[in-house]
file structure26.txt (compact mmCIF, C-alpha atoms)
# COMPACT_ATOMS: atom_id res chain seq x y z
CA GLY R 25 8.10 -14.78 -5.91
CA ASP R 26 6.06 -13.06 -3.23
CA SER R 27 2.51 -12.13 -4.12
CA VAL R 28 -1.00 -11.57 -2.82
CA THR R 29 -4.26 -12.59 -4.46
CA GLN R 30 -7.58 -11.25 -3.27
CA MET R 31 -11.12 -11.62 -4.47
CA GLU R 32 -12.31 -9.28 -7.16
CA GLY R 33 -14.99 -6.76 -6.46
CA PRO R 34 -17.04 -4.85 -6.20
CA VAL R 35 -18.78 -6.42 -3.26
CA THR R 36 -22.20 -4.92 -2.55
CA LEU R 37 -23.89 -5.60 0.77
CA SER R 38 -26.78 -4.26 2.74
CA GLU R 39 -26.12 -2.62 6.09
CA GLU R 40 -25.66 -5.16 8.94
CA ALA R 41 -24.73 -7.98 6.54
CA PHE R 42 -21.75 -10.26 7.15
CA LEU R 43 -18.59 -9.49 5.19
CA THR R 44 -15.84 -11.79 3.97
CA ILE R 45 -13.09 -10.71 1.61
CA ASN R 46 -10.76 -13.54 0.64
CA CYS R 47 -6.99 -13.16 0.51
CA THR R 48 -4.32 -15.75 -0.20
CA TYR R 49 -0.59 -15.25 -0.42
CA THR R 50 2.63 -16.73 -1.73
CA ALA R 51 5.83 -15.95 0.14
CA THR R 52 9.37 -17.27 0.15
CA GLY R 53 9.96 -16.45 3.80
CA TYR R 54 7.81 -15.87 6.85
CA PRO R 55 5.61 -12.92 6.07
CA SER R 56 3.67 -10.49 8.15
CA LEU R 57 0.19 -9.95 6.75
CA PHE R 58 -1.86 -6.77 6.61
CA TRP R 59 -5.19 -5.33 5.61
CA TYR R 60 -5.20 -1.72 4.48
CA VAL R 61 -8.28 0.38 3.76
CA GLN R 62 -8.62 3.27 1.32
CA TYR R 63 -11.51 5.68 1.67
CA PRO R 64 -12.48 7.79 -1.35
CA GLY R 65 -9.91 10.43 -2.21
CA GLU R 66 -7.48 9.33 0.49
CA GLY R 67 -4.31 7.31 0.84
CA LEU R 68 -4.23 3.85 2.35
CA GLN R 69 -4.28 3.34 6.08
CA LEU R 70 -3.56 0.26 8.12
CA LEU R 71 -6.66 -1.58 9.28
CA LEU R 72 -5.10 -4.60 10.99
CA LYS R 73 -2.08 -6.89 10.89
CA ALA R 74 -0.82 -10.30 12.00
CA THR R 75 2.82 -11.28 12.27
CA LYS R 76 2.81 -15.05 12.73
CA ALA R 77 0.74 -18.13 12.10
CA ASP R 78 -2.57 -18.36 14.00
CA ASP R 79 -2.41 -14.70 15.05
CA LYS R 80 -5.67 -12.80 14.75
CA GLY R 81 -5.60 -9.14 13.84
CA SER R 82 -8.61 -7.02 14.73
CA ASN R 83 -9.73 -3.41 14.56
CA LYS R 84 -13.04 -1.54 14.26
CA GLY R 85 -14.99 -4.81 14.23
CA PHE R 86 -12.89 -6.29 11.42
CA GLU R 87 -10.92 -9.49 11.98
CA ALA R 88 -8.48 -11.64 10.03
CA THR R 89 -6.63 -14.79 11.07
CA TYR R 90 -3.21 -15.76 9.72
CA ARG R 91 -3.64 -19.31 8.37
CA LYS R 92 -0.29 -20.75 7.37
CA GLU R 93 -1.72 -24.14 6.34
CA THR R 94 -4.01 -22.52 3.76
CA THR R 95 -1.79 -19.46 3.13
CA SER R 96 -4.78 -17.22 3.73
CA PHE R 97 -5.71 -14.05 5.60
CA HIS R 98 -9.41 -13.50 4.97
CA LEU R 99 -11.03 -10.30 6.23
CA GLU R 100 -14.35 -10.59 8.08
CA LYS R 101 -16.83 -8.32 9.80
CA GLY R 102 -20.03 -9.44 11.42
CA SER R 103 -22.16 -6.40 10.65
CA VAL R 104 -21.07 -3.83 8.07
CA GLN R 105 -22.07 -0.18 8.07
CA VAL R 106 -22.41 2.33 5.27
CA SER R 107 -19.26 4.01 6.59
CA ASP R 108 -17.29 0.82 5.80
CA SER R 109 -17.66 1.50 2.07
CA ALA R 110 -14.08 1.68 0.81
CA VAL R 111 -11.43 -0.28 -1.05
CA TYR R 112 -9.68 -2.98 0.98
CA PHE R 113 -6.17 -4.20 0.20
CA CYS R 114 -4.47 -7.31 1.47
CA ALA R 115 -0.68 -7.04 1.76
CA LEU R 116 2.36 -8.92 2.94
CA ARG R 117 5.89 -8.13 4.00
CA VAL R 118 8.57 -10.76 4.17
CA TYR R 119 10.72 -10.39 7.25
CA ASN R 120 14.11 -8.78 6.65
CA PHE R 121 13.00 -7.33 3.35
CA ASN R 122 11.75 -3.79 3.15
CA LYS R 123 9.13 -4.47 0.52
CA PHE R 124 5.39 -4.64 0.94
CA TYR R 125 3.36 -6.50 -1.70
CA PHE R 126 -0.27 -5.58 -2.25
CA GLY R 127 -3.25 -7.36 -3.73
CA SER R 128 -5.39 -5.73 -6.39
CA GLY R 129 -7.93 -4.35 -3.93
CA THR R 130 -11.60 -5.15 -3.32
CA LYS R 131 -14.16 -2.39 -3.42
CA LEU R 132 -16.92 -2.69 -0.85
CA ASN R 133 -20.22 -0.87 -1.26
CA VAL R 134 -22.60 -0.95 1.67
CA LYS R 135 -26.17 0.17 1.03
CA PRO R 136 -28.49 1.51 3.74
CA ASN U 2 0.96 15.77 12.51
CA ALA U 3 1.69 16.13 8.80
CA GLY U 4 2.89 12.52 8.27
CA VAL U 5 3.64 11.95 4.58
CA THR U 6 3.11 14.93 2.30
CA GLN U 7 2.95 14.63 -1.48
CA THR U 8 2.86 17.39 -4.06
CA PRO U 9 1.18 18.08 -6.38
CA LYS U 10 -2.24 16.48 -5.84
CA PHE U 11 -3.19 16.68 -9.51
CA GLN U 12 -1.15 17.06 -12.68
CA VAL U 13 -1.83 16.89 -16.40
CA LEU U 14 1.11 16.40 -18.76
CA LYS U 15 1.54 16.08 -22.47
CA THR U 16 3.40 13.10 -23.87
CA GLY U 17 7.14 13.73 -23.67
CA GLN U 18 7.02 16.29 -20.88
CA SER U 19 8.95 15.76 -17.69
CA MET U 20 8.01 16.34 -14.09
CA THR U 21 9.00 15.49 -10.53
CA LEU U 22 6.66 14.29 -7.82
CA GLN U 23 7.73 15.40 -4.39
CA CYS U 24 7.35 13.48 -1.15
CA ALA U 25 8.40 14.37 2.38
CA GLN U 26 7.83 12.68 5.74
CA ASP U 27 8.28 14.12 9.20
CA MET U 28 8.30 10.87 11.20
CA ASN U 29 12.05 10.25 11.00
CA HIS U 30 11.46 7.06 9.02
CA ASN U 31 14.34 5.37 7.28
CA SER U 32 12.43 3.66 4.47
CA MET U 33 10.43 5.37 1.75
CA TYR U 34 8.50 4.02 -1.24
CA TRP U 35 6.78 5.04 -4.43
CA TYR U 36 3.76 3.07 -5.62
CA ARG U 37 1.40 3.48 -8.52
CA GLN U 38 -2.25 2.47 -8.34
CA ASP U 39 -4.11 1.35 -11.44
CA PRO U 40 -7.65 -0.03 -11.69
CA GLY U 41 -7.74 -3.80 -11.23
CA MET U 42 -4.02 -3.98 -10.49
CA GLY U 43 -3.80 -2.63 -6.99
CA LEU U 44 -0.58 -1.00 -5.85
CA ARG U 45 2.66 -1.77 -7.61
CA LEU U 46 6.03 -0.78 -6.24
CA ILE U 47 8.04 1.52 -8.51
CA TYR U 48 11.10 2.26 -6.37
CA TYR U 49 11.99 2.18 -2.74
CA SER U 50 14.71 3.49 -0.50
CA ALA U 51 15.62 1.41 2.53
CA SER U 52 17.67 4.23 4.03
CA GLU U 53 19.16 7.59 3.16
CA GLY U 54 21.58 7.24 0.28
CA THR U 55 20.17 3.99 -1.11
CA THR U 56 17.51 3.28 -3.72
CA ASP U 57 16.32 0.06 -5.35
CA LYS U 58 13.99 -0.88 -8.16
CA GLY U 59 10.60 -2.32 -7.46
CA GLU U 60 8.21 -4.16 -9.76
CA VAL U 61 7.67 -1.42 -12.39
CA PRO U 62 10.69 0.96 -12.48
CA ASN U 63 10.90 1.58 -16.24
CA GLY U 64 10.35 5.20 -17.19
CA TYR U 65 11.04 6.51 -13.70
CA ASN U 66 13.95 7.76 -11.66
CA VAL U 67 14.14 8.56 -7.97
CA SER U 68 16.25 10.63 -5.63
CA ARG U 69 16.54 10.20 -1.89
CA LEU U 70 17.55 13.79 -1.22
CA ASN U 71 17.86 13.35 2.52
CA LYS U 72 16.15 11.33 5.21
CA ARG U 73 12.92 13.29 4.85
CA GLU U 74 12.52 13.57 1.10
CA PHE U 75 12.12 11.04 -1.72
CA SER U 76 11.24 12.33 -5.18
CA LEU U 77 10.01 10.50 -8.28
CA ARG U 78 10.87 11.83 -11.73
CA LEU U 79 9.29 11.11 -15.08
CA GLU U 80 11.82 12.13 -17.71
CA SER U 81 9.56 11.70 -20.75
CA ALA U 82 5.97 11.05 -19.77
CA ALA U 83 3.90 8.48 -21.66
CA PRO U 84 0.14 7.82 -21.58
CA SER U 85 0.88 4.46 -19.90
CA GLN U 86 2.08 6.44 -16.88
CA THR U 87 -1.38 7.85 -16.27
CA SER U 88 -2.07 6.64 -12.75
CA VAL U 89 -2.42 7.61 -9.12
CA TYR U 90 0.95 7.76 -7.38
CA PHE U 91 1.42 7.18 -3.68
CA CYS U 92 4.43 7.84 -1.55
CA ALA U 93 4.83 5.88 1.68
CA SER U 94 7.29 5.53 4.53
CA SER U 95 8.05 3.04 7.26
CA GLU U 96 10.30 2.68 10.25
CA ARG U 97 13.57 0.77 10.21
CA ASP U 98 13.11 -2.95 10.61
CA ARG U 99 13.65 -3.66 14.29
CA GLY U 100 11.39 -6.65 14.28
CA ARG U 101 7.75 -7.01 13.45
CA THR U 102 6.24 -4.76 16.08
CA ASN U 103 6.52 -1.54 14.15
CA GLU U 104 5.92 -2.83 10.65
CA LYS U 105 3.55 -0.40 9.03
CA LEU U 106 3.40 1.76 5.95
CA PHE U 107 2.27 5.37 6.24
CA PHE U 108 0.83 6.73 3.00
CA GLY U 109 0.49 10.17 1.51
CA SER U 110 -2.81 11.24 -0.02
CA GLY U 111 -1.68 10.59 -3.58
CA THR U 112 -1.00 12.40 -6.86
CA GLN U 113 -3.40 11.90 -9.72
CA LEU U 114 -1.40 12.14 -12.94
CA SER U 115 -2.84 12.21 -16.45
CA VAL U 116 -0.61 12.02 -19.51
CA LEU U 117 -2.31 13.06 -22.73
call {"tool": "encode", "arguments": {"input": "structure26.txt", "output": "structure tokens"}}
result
Amino acid sequence: GDSVTQMEGPVTLSEEAFLTINCTYTATGYPSLFWYVQYPGEGLQLLLKATKADDKGSNKGFEATYRKETTSFHLEKGSVQVSDSAVYFCALRVYNFNKFYFGSGTKLNVKP
Amino acid sequence: NAGVTQTPKFQVLKTGQSMTLQCAQDMNHNSMYWYRQDPGMGLRLIYYSASEGTTDKGEVPNGYNVSRLNKREFSLRLESAAPSQTSVYFCASSERDRGRTNEKLFFGSGTQLSVL
């Protein structure tokens, strides 16, 4: 079946540190891949997406590259800020199916 | 720009009580979803509705029922609440699948439900 696995948290970093959150997926078709972010007390919002192999999604300094050969979509940011503290979810959607599958979420804490 | 609106934001129930979570979207989306969020388990799909008049089970449908009242509204009902249903519930919507360009889920702000 379709599923997403992401690294467990929490991840605690100092401001300006480099961030990587790992995400791997299993899909029966050709998925689109997403990263969503959830700030405290809010719903999830789309951070970035990629729809085909080798695509790179980017937004707000975050990047992720769709790697079909390793079935991965790791989230990276070169220099995190305190305001990036949130829970990050990796997700996939298989084309022609109206279902989105989410990973378990990774909480990021950034300290000043 | 209301987006996806969920009510209530907080609710406490006793075991065996029933309640309905309401969700409405004003973006003319065809597809709507109900998820629950539990610590360490991320979001799990309860039910979804690909279009008005249709509903389908997701990963964890037991103990829940849904109604797609019209294109705007998608409600989730707990007929006899159990402590295992203590969770945060999110409603979401998305556009009709016309390709990958517009794939995106829009989420409400959530309902925190406690069943004692």
call {"tool": "atom_distance", "arguments": {"input": "structure26.txt", "atom1": "atom CA of U:Thr87", "atom2": "atom CA of R:Cys47"}}
result
27.5 Å
call {"tool": "residues_near_point", "arguments": {"input": "structure26.txt", "point": "(6.4, 10.5, 15.0)", "cutoff": "12 Å", "atoms": "all atoms listed in the file", "output": "PyMOL selection string"}}
result
chain U and resi 2-5+26-30+94-96+107
call {"tool": "residues_around", "arguments": {"input": "structure26.txt", "residues": "R:Lys123", "least_positions_apart": "4", "cutoff": "12 Å", "atoms": "only C-alpha atoms", "output": "PyMOL selection string"}}
result
(chain R and resi 26-27+51+55-56+115-119) or (chain U and resi 32-36+45-51+57-60+93-95+97-98+104-106)
call {"tool": "closest_residue", "arguments": {"input": "structure26.txt", "among": "R:Asn46, R:Asn122, R:Ser38, R:Thr89", "to": "chain U", "atoms": "only C-alpha atoms"}}
result
R:Asn122
call {"tool": "closest_residue", "arguments": {"input": "structure26.txt", "among": "U:Asn31, U:Ser110, U:Gln12, U:Ser115", "to": "R:Gln69", "atoms": "only C-alpha atoms"}}
result
U:Ser110
call {"tool": "closest_atom_pairs", "arguments": {"input": "structure26.txt", "of": "chain R", "to": "chain U", "cutoff": "9 Å", "atoms": "all atoms listed in the file", "output": "JSON lines"}}
result
{"residue": "R:Glu32", "atom": "CA", "partner": "U:Gly41", "partner_atom": "CA", "distance": 8.2}
{"residue": "R:Ser56", "atom": "CA", "partner": "U:Arg101", "partner_atom": "CA", "distance": 7.5}
{"residue": "R:Phe58", "atom": "CA", "partner": "U:Lys105", "partner_atom": "CA", "distance": 8.7}
{"residue": "R:Gly65", "atom": "CA", "partner": "U:Ser110", "partner_atom": "CA", "distance": 7.5}
{"residue": "R:Glu66", "atom": "CA", "partner": "U:Ser110", "partner_atom": "CA", "distance": 5.1}
{"residue": "R:Gly67", "atom": "CA", "partner": "U:Ser110", "partner_atom": "CA", "distance": 4.3}
{"residue": "R:Leu68", "atom": "CA", "partner": "U:Phe108", "partner_atom": "CA", "distance": 5.9}
{"residue": "R:Gln69", "atom": "CA", "partner": "U:Phe107", "partner_atom": "CA", "distance": 6.9}
{"residue": "R:Leu70", "atom": "CA", "partner": "U:Lys105", "partner_atom": "CA", "distance": 7.2}
{"residue": "R:Lys73", "atom": "CA", "partner": "U:Lys105", "partner_atom": "CA", "distance": 8.8}
{"residue": "R:Thr75", "atom": "CA", "partner": "U:Arg101", "partner_atom": "CA", "distance": 6.6}
{"residue": "R:Phe113", "atom": "CA", "partner": "U:Gly43", "partner_atom": "CA", "distance": 7.7}
{"residue": "R:Arg117", "atom": "CA", "partner": "U:Glu104", "partner_atom": "CA", "distance": 8.5}
{"residue": "R:Tyr119", "atom": "CA", "partner": "U:Arg101", "partner_atom": "CA", "distance": 7.7}
{"residue": "R:Asn120", "atom": "CA", "partner": "U:Asp98", "partner_atom": "CA", "distance": 7.1}
{"residue": "R:Phe121", "atom": "CA", "partner": "U:Asp98", "partner_atom": "CA", "distance": 8.5}
{"residue": "R:Asn122", "atom": "CA", "partner": "U:Ala51", "partner_atom": "CA", "distance": 6.5}
{"residue": "R:Lys123", "atom": "CA", "partner": "U:Tyr49", "partner_atom": "CA", "distance": 7.9}
{"residue": "R:Phe124", "atom": "CA", "partner": "U:Leu46", "partner_atom": "CA", "distance": 8.2}
{"residue": "R:Tyr125", "atom": "CA", "partner": "U:Arg45", "partner_atom": "CA", "distance": 7.6}
{"residue": "R:Phe126", "atom": "CA", "partner": "U:Leu44", "partner_atom": "CA", "distance": 5.8}
{"residue": "R:Gly127", "atom": "CA", "partner": "U:Gly43", "partner_atom": "CA", "distance": 5.8}
{"residue": "R:Ser128", "atom": "CA", "partner": "U:Gly43", "partner_atom": "CA", "distance": 3.5}
{"residue": "R:Gly129", "atom": "CA", "partner": "U:Gly43", "partner_atom": "CA", "distance": 5.4}
{"residue": "R:Thr130", "atom": "CA", "partner": "U:Gly41", "partner_atom": "CA", "distance": 8.9}
call {"tool": "closest_residue", "arguments": {"input": "structure26.txt", "among": "R:Ala41, R:Gly25, R:Asp108, R:Thr50", "to": "R:Thr94", "atoms": "all atoms listed in the file"}}
result
R:Thr50
call {"tool": "atom_distance", "arguments": {"input": "structure26.txt", "atom1": "atom CA of U:Thr6", "atom2": "atom CA of U:Thr56"}}
result
19.5 Å
call {"tool": "atom_distance", "arguments": {"input": "structure26.txt", "atom1": "atom CA of U:Phe11", "atom2": "atom CA of U:Phe75"}}
result
18.1 Å
call {"tool": "closest_residue", "arguments": {"input": "structure26.txt", "among": "U:Gln18, U:Ser68, U:Gln23, U:Thr8", "to": "U:Gln86", "atoms": "all atoms listed in the file"}}
result
U:Gln18
